[in-house]
Structures are given as structure tokens and as C-alpha cells.
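Note: the block below is coords_25.cif and it holds mmCIF, C-alpha atoms.
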data_target
loop_
_atom_site.label_atom_id
_atom_site.label_comp_id
_atom_site.auth_asym_id
_atom_site.auth_seq_id
_atom_site.Cartn_x
_atom_site.Cartn_y
_atom_site.Cartn_z
CA MET C 254 -17.30 -20.47 -12.62
CA ASP C 255 -15.79 -22.34 -9.69
CA ILE C 256 -15.42 -19.61 -7.10
CA ARG C 257 -15.82 -20.61 -3.47
CA TRP C 258 -17.57 -18.30 -1.01
CA ASN C 259 -14.67 -17.96 1.40
CA ILE C 260 -12.27 -17.10 -1.46
CA LEU C 261 -14.77 -14.56 -2.82
CA ILE C 262 -14.92 -12.85 0.58
CA ILE C 263 -11.10 -12.81 0.79
CA ILE C 264 -10.87 -11.28 -2.69
CA MET C 265 -13.54 -8.63 -2.07
CA GLY C 266 -12.18 -7.71 1.37
CA SER C 267 -8.54 -7.50 0.33
CA ALA C 268 -9.46 -5.58 -2.84
CA LEU C 269 -11.34 -3.00 -0.75
CA VAL C 270 -8.58 -2.49 1.83
CA THR C 271 -6.08 -2.13 -1.04
CA LEU C 272 -8.24 0.26 -3.07
CA ILE C 273 -8.69 2.82 -0.28
CA PRO C 274 -4.98 3.65 0.31
CA ARG C 275 -4.45 3.66 -3.47
CA VAL C 276 -7.18 6.17 -4.20
CA LEU C 277 -7.71 8.36 -1.14
CA PRO C 278 -4.49 10.47 -1.01
CA LEU C 279 -4.58 11.06 -4.77
CA VAL C 280 -8.23 12.17 -4.84
CA VAL C 281 -7.92 14.35 -1.73
CA LEU C 282 -4.43 15.88 -2.11
CA SER C 283 -4.78 16.64 -5.83
CA ARG C 284 -7.55 19.12 -4.97
CA PHE C 285 -5.32 21.40 -2.90
CA GLN C 286 -2.25 23.53 -3.47
CA LEU C 287 0.16 21.64 -1.20
CA PRO C 288 2.72 23.55 0.90
CA ASN C 289 6.26 23.57 -0.55
CA GLY C 290 7.63 21.57 2.36
CA LEU C 291 5.20 18.73 1.70
CA ILE C 292 5.89 18.76 -2.04
CA ARG C 293 9.63 18.63 -1.35
CA TRP C 294 9.03 15.67 0.96
CA LEU C 295 6.84 13.87 -1.58
CA GLN C 296 9.51 14.32 -4.28
CA HIS C 297 11.76 11.93 -2.36
CA ILE C 298 9.13 9.20 -2.01
CA PRO C 299 9.87 7.42 -5.36
CA VAL C 300 13.59 6.93 -4.62
CA ALA C 301 12.87 6.10 -0.96
CA VAL C 302 10.21 3.48 -1.78
CA MET C 303 12.20 1.82 -4.60
CA ALA C 304 15.33 1.64 -2.44
CA ALA C 305 13.32 0.18 0.45
CA LEU C 306 11.73 -2.46 -1.80
CA ILE C 307 15.14 -3.44 -3.20
CA ALA C 308 16.60 -3.63 0.32
CA GLN C 309 13.74 -5.88 1.34
CA GLU C 310 14.47 -8.24 -1.56
CA LEU C 311 18.24 -8.32 -0.98
CA PHE C 312 18.56 -8.18 2.80
CA ILE C 313 15.39 -9.57 4.36
CA ALA C 314 14.49 -13.27 4.47
CA ASN C 315 11.43 -14.41 6.45
CA GLY C 316 11.24 -11.05 8.18
CA ASN C 317 14.83 -11.08 9.45
CA PHE C 318 18.09 -9.56 8.30
CA ALA C 319 19.97 -11.94 6.00
CA PHE C 320 22.66 -11.50 3.40
CA LYS C 321 20.99 -13.24 0.45
CA GLN C 322 24.02 -14.34 -1.57
CA LEU C 323 22.30 -15.48 -4.77
CA GLU C 324 20.16 -12.36 -4.90
CA TRP C 325 23.26 -10.23 -4.37
CA LEU C 326 25.22 -11.98 -7.09
CA ALA C 327 22.30 -11.48 -9.49
CA ALA C 328 21.86 -7.86 -8.40
CA LEU C 329 25.41 -6.85 -9.39
CA PRO C 330 25.07 -7.37 -13.18
CA THR C 331 21.50 -6.07 -12.94
CA PHE C 332 22.69 -2.79 -11.41
CA ALA C 333 25.51 -2.56 -13.95
CA VAL C 334 23.14 -2.92 -16.89
CA ALA C 335 20.70 -0.41 -15.39
CA ILE C 336 23.48 2.15 -14.88
CA PHE C 337 25.15 1.73 -18.26
CA THR C 338 22.16 1.14 -20.57
CA ARG C 339 19.33 2.91 -18.68
CA SER C 340 17.05 0.31 -20.27
CA LEU C 341 14.34 -1.07 -18.01
CA LEU C 342 13.69 -4.07 -20.23
CA GLY C 343 17.42 -4.85 -20.54
CA THR C 344 17.75 -4.64 -16.77
CA VAL C 345 14.91 -7.10 -16.17
CA ILE C 346 16.23 -9.53 -18.79
CA VAL C 347 19.76 -9.51 -17.33
CA GLY C 348 18.32 -9.91 -13.83
CA LEU C 349 16.22 -12.91 -14.86
CA VAL C 350 19.01 -14.60 -16.83
CA SER C 351 21.56 -14.01 -14.03
CA MET C 352 19.23 -15.55 -11.46
CA MET C 353 18.41 -18.47 -13.74
CA LEU C 354 22.13 -19.21 -14.26
CA LEU C 355 22.89 -18.85 -10.54
CA ARG C 356 20.05 -21.21 -9.54
CA TRP C 357 21.27 -23.67 -12.15
CA LEU C 358 24.89 -23.45 -10.96
CA PHE C 359 24.30 -23.59 -7.18
CA MET A 219 17.14 20.36 -27.46
CA GLU A 220 14.64 22.57 -25.63
CA LEU A 221 12.63 23.15 -28.78
CA ASN A 222 12.55 19.48 -29.54
CA HIS A 223 11.10 18.79 -26.11
CA GLN A 224 8.36 21.35 -26.64
CA ARG A 225 7.32 19.84 -29.91
CA ILE A 226 6.91 16.28 -28.71
CA ASP A 227 5.13 17.39 -25.53
CA THR A 228 1.68 17.14 -27.08
CA GLN A 229 2.33 13.62 -28.33
CA ASP A 230 3.64 12.52 -24.93
CA ASP A 231 0.17 12.86 -23.49
CA SER A 232 -1.50 10.27 -25.73
CA PHE A 233 -2.92 6.90 -24.72
CA ILE A 234 -0.63 5.14 -27.21
CA GLN A 235 2.44 6.83 -25.72
CA GLY A 236 1.35 5.53 -22.30
CA VAL A 237 1.08 2.03 -23.76
CA LYS A 238 4.56 2.38 -25.30
CA ASP A 239 6.07 3.64 -22.06
CA CYS A 240 4.64 0.59 -20.29
CA VAL A 241 6.29 -1.88 -22.68
CA PRO A 242 9.68 -2.04 -20.87
CA THR A 243 7.89 -3.29 -17.73
CA LEU A 244 5.84 -5.97 -19.50
CA LEU A 245 8.39 -8.77 -19.30
CA GLY A 246 8.91 -8.20 -15.58
CA TYR A 247 5.17 -8.13 -14.93
CA LEU A 248 4.71 -11.21 -17.08
CA SER A 249 7.26 -13.19 -15.06
CA ILE A 250 5.92 -12.13 -11.69
CA GLY A 251 2.29 -12.49 -12.76
CA PHE A 252 2.99 -15.95 -14.11
CA ALA A 253 4.69 -16.90 -10.84
CA ALA A 254 1.74 -15.47 -8.87
CA GLY A 255 -0.64 -17.58 -10.96
CA VAL A 256 1.43 -20.71 -10.35
CA VAL A 257 1.53 -20.04 -6.60
CA GLY A 258 -2.24 -19.49 -6.65
CA ASN A 259 -2.68 -22.80 -8.42
CA THR A 260 -0.50 -24.69 -5.93
CA SER A 261 -2.45 -23.13 -3.04
CA GLY A 262 -5.58 -24.80 -4.44
CA MET A 263 -7.20 -21.78 -6.07
CA SER A 264 -9.14 -22.32 -9.31
CA VAL A 265 -8.26 -20.36 -12.45
CA SER A 266 -11.47 -18.32 -12.06
CA GLU A 267 -10.49 -17.42 -8.51
CA ILE A 268 -6.98 -16.45 -9.62
CA ALA A 269 -8.40 -14.30 -12.44
CA LEU A 270 -10.91 -12.60 -10.14
CA MET A 271 -8.19 -11.89 -7.58
CA SER A 272 -5.96 -10.32 -10.27
CA ALA A 273 -8.86 -8.28 -11.62
CA LEU A 274 -9.96 -6.88 -8.26
CA LEU A 275 -6.98 -6.99 -5.91
CA TYR A 276 -4.36 -6.36 -8.63
CA ALA A 277 -1.35 -6.37 -6.33
CA GLY A 278 1.61 -8.71 -6.74
CA SER A 279 2.89 -9.04 -3.20
CA GLY A 280 -0.69 -9.14 -1.87
CA GLN A 281 -1.56 -12.03 -4.18
CA PHE A 282 1.51 -14.05 -3.20
CA ILE A 283 0.69 -13.60 0.48
CA ALA A 284 -2.99 -14.40 -0.13
CA ALA A 285 -2.07 -17.66 -1.88
CA GLY A 286 0.32 -18.60 0.92
CA MET A 287 -2.25 -17.90 3.63
CA ILE A 288 -5.07 -19.65 1.76
CA ALA A 289 -2.83 -22.70 1.42
CA ALA A 290 -2.18 -22.55 5.18
CA SER A 291 -5.97 -22.22 5.82
CA SER A 292 -5.52 -18.94 7.70
CA PRO A 293 -8.70 -17.20 8.90
CA ILE A 294 -10.30 -14.81 6.39
CA SER A 295 -9.91 -11.80 8.69
CA ALA A 296 -6.18 -12.47 9.14
CA ILE A 297 -5.65 -12.68 5.37
CA ILE A 298 -7.48 -9.41 4.70
CA PHE A 299 -5.66 -7.64 7.53
CA THR A 300 -2.24 -8.85 6.33
CA ILE A 301 -2.94 -7.71 2.77
CA PHE A 302 -4.05 -4.33 4.10
CA PHE A 303 -0.70 -3.95 5.86
CA ILE A 304 1.32 -5.05 2.86
CA ASN A 305 -0.50 -2.65 0.55
CA ILE A 306 -0.69 0.35 2.86
CA ARG A 307 2.51 1.73 1.25
CA HIS A 308 0.22 2.75 -1.64
CA LEU A 309 -0.76 5.68 0.60
CA LEU A 310 2.70 7.13 -0.02
CA LEU A 311 2.73 6.40 -3.75
CA SER A 312 -0.74 7.86 -4.16
CA ALA A 313 0.23 11.00 -2.23
CA ALA A 314 3.43 11.39 -4.27
CA VAL A 315 1.64 11.38 -7.64
CA ALA A 316 -1.11 13.73 -6.41
CA PRO A 317 0.77 17.03 -7.10
CA HIS A 318 1.29 15.91 -10.71
CA LEU A 319 -2.40 15.17 -11.34
CA LYS A 320 -3.83 18.35 -9.88
CA GLY A 321 -5.93 19.49 -12.81
CA LEU A 322 -7.95 16.29 -13.07
CA SER A 323 -11.44 15.64 -11.74
CA SER A 324 -11.86 13.45 -8.67
CA TRP A 325 -13.48 10.81 -10.83
CA LYS A 326 -10.47 10.60 -13.17
CA ASN A 327 -8.07 10.47 -10.23
CA LEU A 328 -10.17 7.67 -8.74
CA VAL A 329 -9.72 5.69 -11.95
CA ILE A 330 -5.96 6.35 -12.07
CA GLY A 331 -5.46 5.65 -8.37
CA SER A 332 -7.32 2.34 -8.49
CA GLN A 333 -4.62 0.95 -10.81
CA LEU A 334 -1.61 2.31 -8.96
CA THR A 335 1.21 -0.20 -8.53
CA ASP A 336 4.90 0.03 -7.58
CA GLU A 337 5.94 -0.36 -11.21
CA THR A 338 3.45 1.96 -12.90
CA PHE A 339 4.23 4.47 -10.15
CA GLY A 340 7.94 4.10 -10.96
CA VAL A 341 7.34 4.60 -14.67
CA ALA A 342 5.09 7.62 -14.04
CA MET A 343 7.61 9.26 -11.69
CA ASN A 344 10.43 8.68 -14.19
CA HIS A 345 8.21 10.39 -16.76
CA VAL A 346 7.91 13.35 -14.36
CA ALA A 347 11.63 13.31 -13.51
CA SER A 348 12.51 13.59 -17.20
CA GLY A 349 10.55 16.82 -17.34
CA LYS A 350 7.22 15.64 -18.78
CA LYS A 351 3.73 16.09 -17.43
CA LEU A 352 1.35 13.32 -16.42
CA GLY A 353 -1.75 13.37 -18.60
CA TYR A 354 -4.94 11.41 -18.02
CA ARG A 355 -4.82 9.52 -21.33
CA TRP A 356 -1.12 8.71 -20.92
CA MET A 357 -1.80 7.35 -17.42
CA LEU A 358 -4.71 5.28 -18.76
CA GLY A 359 -2.50 3.82 -21.50
CA LEU A 360 0.16 2.92 -18.97
CA ASN A 361 -2.25 1.52 -16.38
CA ILE A 362 -4.51 -0.49 -18.68
CA THR A 363 -1.56 -2.10 -20.45
CA ALA A 364 0.00 -3.09 -17.14
CA TYR A 365 -3.37 -4.32 -15.83
CA LEU A 366 -4.19 -6.54 -18.84
CA ASN A 367 -0.67 -7.92 -18.93
CA TRP A 368 -0.91 -8.82 -15.22
CA LEU A 369 -4.35 -10.39 -15.62
CA LEU A 370 -3.27 -12.52 -18.58
CA ALA A 371 0.03 -13.50 -16.95
CA THR A 372 -1.63 -14.73 -13.75
CA ILE A 373 -4.27 -16.67 -15.73
CA ALA A 374 -1.48 -18.30 -17.77
CA GLY A 375 0.33 -19.17 -14.54
CA GLY A 376 -2.88 -20.62 -13.11
CA LEU A 377 -3.46 -22.74 -16.21
CA LEU A 378 0.12 -23.97 -16.61
CA GLY A 379 0.88 -24.19 -12.88
CA LYS A 380 0.41 -27.96 -12.85
CA TRP A 381 3.48 -28.43 -15.00
CA ILE A 382 5.69 -25.79 -13.41
CA PRO A 383 5.21 -26.14 -9.67
CA HIS A 384 8.43 -24.27 -8.78
CA PRO A 385 8.70 -21.16 -10.99
CA GLU A 386 11.56 -19.74 -8.87
CA VAL A 387 13.90 -22.35 -10.40
CA TYR A 388 13.82 -20.30 -13.59
CA GLY A 389 14.72 -17.07 -11.83
CA LEU A 390 11.24 -15.63 -12.41
CA ASP A 391 11.04 -14.34 -8.85
CA PHE A 392 14.00 -12.04 -9.52
CA ALA A 393 12.01 -10.06 -12.12
CA LEU A 394 10.58 -7.95 -9.30
CA PRO A 395 13.83 -6.81 -7.65
CA ALA A 396 15.37 -6.38 -11.13
CA MET A 397 12.53 -4.06 -12.10
CA PHE A 398 12.88 -2.08 -8.86
CA ILE A 399 16.63 -1.78 -9.54
CA GLY A 400 15.96 -0.47 -13.06
CA LEU A 401 13.36 2.01 -11.81
CA LEU A 402 15.60 3.27 -9.00
CA VAL A 403 18.60 3.77 -11.29
CA LEU A 404 16.45 5.59 -13.88
CA GLN A 405 15.07 7.81 -11.15
CA LEU A 406 18.58 8.64 -9.88
CA HIS A 407 19.79 9.24 -13.42
CA SER A 408 17.15 11.86 -14.14
CA SER A 409 17.63 13.75 -10.87
CA LYS A 410 19.44 17.05 -11.30
CA LYS A 411 21.38 16.71 -8.07
CA VAL A 412 22.18 13.08 -7.52
CA LEU A 413 23.75 13.40 -4.06
CA VAL A 414 20.56 14.00 -2.07
CA PRO A 415 18.62 11.12 -3.74
CA MET A 416 21.64 8.88 -3.13
CA ILE A 417 21.55 9.74 0.56
CA VAL A 418 17.79 9.10 0.59
CA ALA A 419 18.26 5.70 -1.09
CA LEU A 420 21.09 4.69 1.23
CA SER A 421 19.25 5.71 4.41
CA SER A 422 16.16 3.89 3.15
CA VAL A 423 18.18 0.68 2.77
CA LEU A 424 19.73 1.04 6.25
CA ILE A 425 16.35 1.77 7.86
CA VAL A 426 14.75 -1.30 6.21
CA ILE A 427 17.51 -3.44 7.68
CA GLY A 428 17.25 -1.78 11.10
CA ALA A 429 13.45 -1.97 11.14
CA SER A 430 13.51 -5.69 10.32
CA TYR A 431 14.63 -6.32 13.91
CA ILE A 432 11.49 -4.68 15.27
CA PHE A 433 8.71 -4.69 12.65
CA SER A 434 7.35 -6.90 9.89
CA GLY A 435 8.76 -6.47 6.37
CA SER A 436 5.98 -4.37 4.87
CA MET A 437 5.96 -2.07 7.88
CA GLY A 438 9.73 -1.61 7.46
CA VAL A 439 9.25 -0.36 3.88
CA ILE A 440 6.75 2.28 5.01
CA ILE A 441 8.90 3.43 7.95
CA ALA A 442 12.01 3.57 5.74
CA ALA A 443 10.22 5.57 3.04
CA VAL A 444 8.80 8.09 5.50
CA ILE A 445 12.05 8.66 7.44
CA SER A 446 14.41 8.75 4.46
CA SER A 447 12.14 11.15 2.51
CA THR A 448 12.17 13.40 5.56
CA ILE A 449 15.98 13.21 5.64
CA GLY A 450 16.04 14.15 1.94
CA ALA A 451 13.65 17.07 2.42
CA VAL A 452 15.62 18.39 5.42
CA ILE A 453 18.99 18.20 3.61
CA GLN A 454 17.46 19.93 0.60
CA LYS A 455 16.12 22.71 2.79
CA TRP A 456 19.51 23.22 4.46
CA THR A 457 21.52 23.26 1.26
CA SER A 458 19.21 25.47 -0.78
CA ASP A 459 17.74 27.65 1.99
CA GLY A 460 14.34 26.50 0.85
CA THR A 461 14.50 28.33 -2.47
CA SER A 462 14.23 25.30 -4.72
#
The structure given in the file should be rewritten as C-alpha cells.
Amino acid sequence: MDIRWNILIIIMGSALVTLIPRVLPLVVLSRFQLPNGLIRWLQHIPVAVMAALIAQELFIANGNFAFKQLEWLAALPTFAVAIFTRSLLGTVIVGLVSMMLLRWLF
Amino acid sequence: MELNHQRIDTQDDSFIQGVKDCVPTLLGYLSIGFAAGVVGNTSGMSVSEIALMSALLYAGSGQFIAAGMIAASSPISAIIFTIFFINIRHLLLSAAVAPHLKGLSSWKNLVIGSQLTDETFGVAMNHVASGKKLGYRWMLGLNITAYLNWLLATIAGGLLGKWIPHPEVYGLDFALPAMFIGLLVLQLHSSKKVLVPMIVALSSVLIVIGASYIFSGSMGVIIAAVISSTIGAVIQKWTSDGTS
């Protein structure tokens, strides 16, 4: 096993700081009856997070606002397939193929 | 229709059903995991190191950043701190699944939470949005399938990285946004009232763009999620007088 000490420390440290935010809210909040306002707020988190992650992929390059043309061109058929087929696998395949074609063309 | 739903409810909770519901995400994970393995390889990490990182850290964006910073010989503390910031959005995901896993013991929730990712979270919340409950065995089936697929994909990328130094040429990097697009659209599709989630999604996009002028990318995602969810909750309260 060729694992260097400094890499091992990086892996252990980053795993720990990632584990805590993953586990803590779930373990703590699932033990209480949450107020309706908080539940209503939490219901919007999935859409909000997914939209934010997509925006980051399509609009942000190196931490700054950028209109990423290739990503946008690939996103259009990807959105279309998602809307019309509602198939996650189909969406990913069309996304991958679109990007492959675009990279090959430009 | 209603009756049909009732009947399959018991089956929905099984481990195997969780595995099946994970299948549509496998190709996306495979592409990204493979790319992460290749990037790890080019940053000088050994296959054992890549495998250990996937097994313990198990976070796509975190692993890409780690490889980049290791290649740039960044200090260990800076790498760990950066990964902490990138992955802190899991706080929100973890909190959002909590109401749906209320009956479970802390130990079981610890196991489920430790394997929480953007994609498995998306699949689980779509499961909820389509009117089904989250069961422990179903979550395990979903999580373990995703975890093994990720581990194997990154190892494959680490092994084959020598021959494919630039995986983005094949469009592999677009698997991630494509998967997020699919998960978002599915989530919108299963919402009863689509207008409020649309407003939430749109404001989230605008806030990410706005925040990019002030904060780092991962911070922008957290700020956008918090503010746009608040917008959604406030609109919902206004329009329904808090009865929903």
C-alpha cells in the first residue's frame, strides 16, 4: 500500500470535516418535532440547492461570472430531455453526448 | 390509482428497491468518479490513495479540489479547510432529509447521513416528492449502491488515468450538471404547485451569480440556497395563510 503520510492526513482531516456537516443536522433534527415554519423552509432546500449547483456549473468560471457557451449549448438538449422524458439516465446520456459532440466540433 | 400506491408502498421500502432507484444515477456517477480518479492520478496520487480518499471522503467536488491542491503542493491545513467549505452545504441537505427520517434511531441516521451526497439526496427527495416515505433499508440500498459505484469508478480512473489524461475531452465533466438538471426537473415535476418552486429555483440562480462577485463559489451555493428557500417559505405563507 503506497500511501504517503501527508496524503493520509489530508484524507483523514477532510473526511472528518465533511462527515460532521453530513451527519449532525440529521441526527439532531430528526429527534424533534420541527416547527411548521422550519419544515416549510426545509421543503424548498432541494430545489434551491439543485438550482444553485446548476447555476454554478453554467455561469461561474474560476469563481467569476461567465457565460459558458459550450455548457449552455449542452444544457439546452439536456433540459429538453429531462422535461419531456423525466428520465434521469436519459438526461445524463444526452448531456454527455451533447458535450462530447460540442467539444469535438469546437 | 390511490389503491395501487398503497399496495406497492411496502415494497418501496426494500433494500433492492433502493438499489433500483439508484440505477439512473450510476452512469453519471461513473463518469464523474472516473474523471476524479484520472485527476487524482495526474496530481501524483497513487491508486491506493485515490481509493482511500473515495472510501473516506466520498465527495466529488471535494476530491477534485483535493487533487488540484495536492498537485499545487498546497499546505495540508489549507486543503482541509477548503474541502470543509466546499462540503458545508451538506448541512442543508442533512437538515432537509431529517423530517423524513424521524422514526429512526440516531445510530441509523448516522449511517445514512455519512453517505449523503448531492445526487443521493436528490433521488431521496424525489422519492419523497412523489409521495413515498424514506425507509432505512431503501436508503441503505440507494447509498451503498452509489458508494460502491463511486469507489470503483475512481479506482478505474486512477488505474487508466495514464492513458486518458484529459477526460473532459469526452464530455465526462458534464455528467454532473446533467444529473443536477435531471434531478431539478424531476423535483419540479412532482411539486403540486410548480410556481413557488420555479421562483425558488430562479432566485437561487440569480443569487449564485450575484454572490460570485463577493464570495467564493461554494459559499455562493450555500447563500443562494438559504435565501431562496426563505423566499419560497415566505411566498408560501402569504399565499396559503400558513395552512398548508
Can you pull out the residues contacting segment 291-304 of chain C? Cut-off 8 Å, using only C-alpha atoms, and skip same-chain residues under 2 positions away; I want them as a VMD selection string.
(chain C and resid 287 to 289 306 to 308) or (chain A and resid 310 to 311 313 to 314 317 339 to 340 343 398 to 399 401 to 402 405 to 406 415 418 to 420 422 to 423 439 to 440 442 to 444 446 to 448 450 to 451)
Let's have the selection written as an mmCIF file, in the coordinates of the input, with C-alpha atoms.
data_model
loop_
_atom_site.group_PDB
_atom_site.id
_atom_site.type_symbol
_atom_site.label_atom_id
_atom_site.label_comp_id
_atom_site.auth_asym_id
_atom_site.auth_seq_id
_atom_site.Cartn_x
_atom_site.Cartn_y
_atom_site.Cartn_z
ATOM 1 C CA LEU C 287 0.160 21.640 -1.200
ATOM 2 C CA PRO C 288 2.720 23.550 0.900
ATOM 3 C CA ASN C 289 6.260 23.570 -0.550
ATOM 4 C CA LEU C 306 11.730 -2.460 -1.800
ATOM 5 C CA ILE C 307 15.140 -3.440 -3.200
ATOM 6 C CA ALA C 308 16.600 -3.630 0.320
ATOM 7 C CA LEU A 310 2.700 7.130 -0.020
ATOM 8 C CA LEU A 311 2.730 6.400 -3.750
ATOM 9 C CA ALA A 313 0.230 11.000 -2.230
ATOM 10 C CA ALA A 314 3.430 11.390 -4.270
ATOM 11 C CA PRO A 317 0.770 17.030 -7.100
ATOM 12 C CA PHE A 339 4.230 4.470 -10.150
ATOM 13 C CA GLY A 340 7.940 4.100 -10.960
ATOM 14 C CA MET A 343 7.610 9.260 -11.690
ATOM 15 C CA PHE A 398 12.880 -2.080 -8.860
ATOM 16 C CA ILE A 399 16.630 -1.780 -9.540
ATOM 17 C CA LEU A 401 13.360 2.010 -11.810
ATOM 18 C CA LEU A 402 15.600 3.270 -9.000
ATOM 19 C CA GLN A 405 15.070 7.810 -11.150
ATOM 20 C CA LEU A 406 18.580 8.640 -9.880
ATOM 21 C CA PRO A 415 18.620 11.120 -3.740
ATOM 22 C CA VAL A 418 17.790 9.100 0.590
ATOM 23 C CA ALA A 419 18.260 5.700 -1.090
ATOM 24 C CA LEU A 420 21.090 4.690 1.230
ATOM 25 C CA SER A 422 16.160 3.890 3.150
ATOM 26 C CA VAL A 423 18.180 0.680 2.770
ATOM 27 C CA VAL A 439 9.250 -0.360 3.880
ATOM 28 C CA ILE A 440 6.750 2.280 5.010
ATOM 29 C CA ALA A 442 12.010 3.570 5.740
ATOM 30 C CA ALA A 443 10.220 5.570 3.040
ATOM 31 C CA VAL A 444 8.800 8.090 5.500
ATOM 32 C CA SER A 446 14.410 8.750 4.460
ATOM 33 C CA SER A 447 12.140 11.150 2.510
ATOM 34 C CA THR A 448 12.170 13.400 5.560
ATOM 35 C CA GLY A 450 16.040 14.150 1.940
ATOM 36 C CA ALA A 451 13.650 17.070 2.420
#
Sort by chain and increasing residue number a table of all residues of chain C within 7 Å of chain A, each with its closest pair of atoms and their distance in Å to one decimal, counting only C-alpha atoms, and write it as JSON lines.
{"residue": "C:Met254", "atom": "CA", "partner": "A:Ser266", "partner_atom": "CA", "distance": 6.2}
{"residue": "C:Asp255", "atom": "CA", "partner": "A:Ser266", "partner_atom": "CA", "distance": 6.4}
{"residue": "C:Ile256", "atom": "CA", "partner": "A:Glu267", "partner_atom": "CA", "distance": 5.6}
{"residue": "C:Ile263", "atom": "CA", "partner": "A:Ile294", "partner_atom": "CA", "distance": 6.0}
{"residue": "C:Ile264", "atom": "CA", "partner": "A:Met271", "partner_atom": "CA", "distance": 5.6}
{"residue": "C:Gly266", "atom": "CA", "partner": "A:Ile298", "partner_atom": "CA", "distance": 6.0}
{"residue": "C:Ser267", "atom": "CA", "partner": "A:Ile298", "partner_atom": "CA", "distance": 4.9}
{"residue": "C:Ala268", "atom": "CA", "partner": "A:Leu275", "partner_atom": "CA", "distance": 4.2}
{"residue": "C:Val270", "atom": "CA", "partner": "A:Phe302", "partner_atom": "CA", "distance": 5.4}
{"residue": "C:Thr271", "atom": "CA", "partner": "A:Asn305", "partner_atom": "CA", "distance": 5.8}
{"residue": "C:Leu272", "atom": "CA", "partner": "A:Ser332", "partner_atom": "CA", "distance": 5.9}
{"residue": "C:Pro274", "atom": "CA", "partner": "A:Leu309", "partner_atom": "CA", "distance": 4.7}
{"residue": "C:Arg275", "atom": "CA", "partner": "A:His308", "partner_atom": "CA", "distance": 5.1}
{"residue": "C:Val276", "atom": "CA", "partner": "A:Gly331", "partner_atom": "CA", "distance": 4.5}
{"residue": "C:Pro278", "atom": "CA", "partner": "A:Ala313", "partner_atom": "CA", "distance": 4.9}
{"residue": "C:Leu279", "atom": "CA", "partner": "A:Ala316", "partner_atom": "CA", "distance": 4.7}
{"residue": "C:Val280", "atom": "CA", "partner": "A:Ser324", "partner_atom": "CA", "distance": 5.4}
{"residue": "C:Leu282", "atom": "CA", "partner": "A:Ala316", "partner_atom": "CA", "distance": 5.8}
{"residue": "C:Ser283", "atom": "CA", "partner": "A:Lys320", "partner_atom": "CA", "distance": 4.5}
{"residue": "C:Arg284", "atom": "CA", "partner": "A:Lys320", "partner_atom": "CA", "distance": 6.2}
{"residue": "C:Arg293", "atom": "CA", "partner": "A:Ala451", "partner_atom": "CA", "distance": 5.7}
{"residue": "C:Trp294", "atom": "CA", "partner": "A:Ala451", "partner_atom": "CA", "distance": 5.0}
{"residue": "C:Leu295", "atom": "CA", "partner": "A:Ala314", "partner_atom": "CA", "distance": 5.0}
{"residue": "C:Gln296", "atom": "CA", "partner": "A:Ala314", "partner_atom": "CA", "distance": 6.7}
{"residue": "C:His297", "atom": "CA", "partner": "A:Ser447", "partner_atom": "CA", "distance": 4.9}
{"residue": "C:Ile298", "atom": "CA", "partner": "A:Ser447", "partner_atom": "CA", "distance": 5.8}
{"residue": "C:Pro299", "atom": "CA", "partner": "A:Gly340", "partner_atom": "CA", "distance": 6.8}
{"residue": "C:Val300", "atom": "CA", "partner": "A:Ala419", "partner_atom": "CA", "distance": 6.0}
{"residue": "C:Ala301", "atom": "CA", "partner": "A:Ala443", "partner_atom": "CA", "distance": 4.8}
{"residue": "C:Val302", "atom": "CA", "partner": "A:Ala443", "partner_atom": "CA", "distance": 5.3}
{"residue": "C:Met303", "atom": "CA", "partner": "A:Leu402", "partner_atom": "CA", "distance": 5.7}
{"residue": "C:Ala304", "atom": "CA", "partner": "A:Ala419", "partner_atom": "CA", "distance": 5.2}
{"residue": "C:Ala305", "atom": "CA", "partner": "A:Val439", "partner_atom": "CA", "distance": 5.3}
{"residue": "C:Leu306", "atom": "CA", "partner": "A:Val439", "partner_atom": "CA", "distance": 6.5}
{"residue": "C:Ile307", "atom": "CA", "partner": "A:Pro395", "partner_atom": "CA", "distance": 5.7}
{"residue": "C:Ala308", "atom": "CA", "partner": "A:Val423", "partner_atom": "CA", "distance": 5.2}
{"residue": "C:Gln309", "atom": "CA", "partner": "A:Val426", "partner_atom": "CA", "distance": 6.8}
{"residue": "C:Glu310", "atom": "CA", "partner": "A:Pro395", "partner_atom": "CA", "distance": 6.3}
{"residue": "C:Phe312", "atom": "CA", "partner": "A:Ile427", "partner_atom": "CA", "distance": 6.9}
{"residue": "C:Gly316", "atom": "CA", "partner": "A:Gly435", "partner_atom": "CA", "distance": 5.5}
{"residue": "C:Asn317", "atom": "CA", "partner": "A:Ser430", "partner_atom": "CA", "distance": 5.6}
{"residue": "C:Phe318", "atom": "CA", "partner": "A:Ile427", "partner_atom": "CA", "distance": 6.2}
{"residue": "C:Thr331", "atom": "CA", "partner": "A:Ala396", "partner_atom": "CA", "distance": 6.4}
{"residue": "C:Phe332", "atom": "CA", "partner": "A:Ile399", "partner_atom": "CA", "distance": 6.4}
{"residue": "C:Ala335", "atom": "CA", "partner": "A:Gly400", "partner_atom": "CA", "distance": 5.3}
{"residue": "C:Ile336", "atom": "CA", "partner": "A:Val403", "partner_atom": "CA", "distance": 6.3}
{"residue": "C:Arg339", "atom": "CA", "partner": "A:Leu404", "partner_atom": "CA", "distance": 6.2}
{"residue": "C:Leu341", "atom": "CA", "partner": "A:Gly400", "partner_atom": "CA", "distance": 5.2}
{"residue": "C:Leu342", "atom": "CA", "partner": "A:Pro242", "partner_atom": "CA", "distance": 4.5}
{"residue": "C:Thr344", "atom": "CA", "partner": "A:Gly400", "partner_atom": "CA", "distance": 5.9}
{"residue": "C:Val345", "atom": "CA", "partner": "A:Ala396", "partner_atom": "CA", "distance": 5.1}
{"residue": "C:Gly348", "atom": "CA", "partner": "A:Ala396", "partner_atom": "CA", "distance": 5.3}
{"residue": "C:Leu349", "atom": "CA", "partner": "A:Gly389", "partner_atom": "CA", "distance": 5.4}
{"residue": "C:Met352", "atom": "CA", "partner": "A:Gly389", "partner_atom": "CA", "distance": 4.8}
{"residue": "C:Met353", "atom": "CA", "partner": "A:Gly389", "partner_atom": "CA", "distance": 4.4}
{"residue": "C:Arg356", "atom": "CA", "partner": "A:Val387", "partner_atom": "CA", "distance": 6.3}
Padded axis-aligned box of segment 403-416 of chain A (5 Å per side), centre and edge lengths, Å, one decimal, as lines of an AutoDock Vina configuration file:
center_x = 19.4
center_y = 10.4
center_z = -8.1
size_x = 18.7
size_y = 23.3
size_z = 22.1
Between atom CA of Ala253 of chain A and atom CA of Leu370 of chain A, what is the distance in Å, rounded to a tenth?
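Here the two named atoms are 11.9 Å from each other.
Going from atom CA of Leu323 of chain C to atom CA of Met287 of chain A covers 26.1 Å.
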Of A:Ile362, A:Val346, A:Leu248, A:Ala254, the one sitting nearest Pro385 of chain A when using all atoms listed in the file is A:Ala254
For Phe359 of chain C, which residue among C:Gly290, C:Leu326, C:Ile260, C:Leu311 is the nearest when counting all atoms listed in the file?
C:Leu326
Please measure the separation of atom CA of Ile453 of chain A and atom CA of Lys351 of chain A, giving the value in Å to one decimal.
26.1 Å
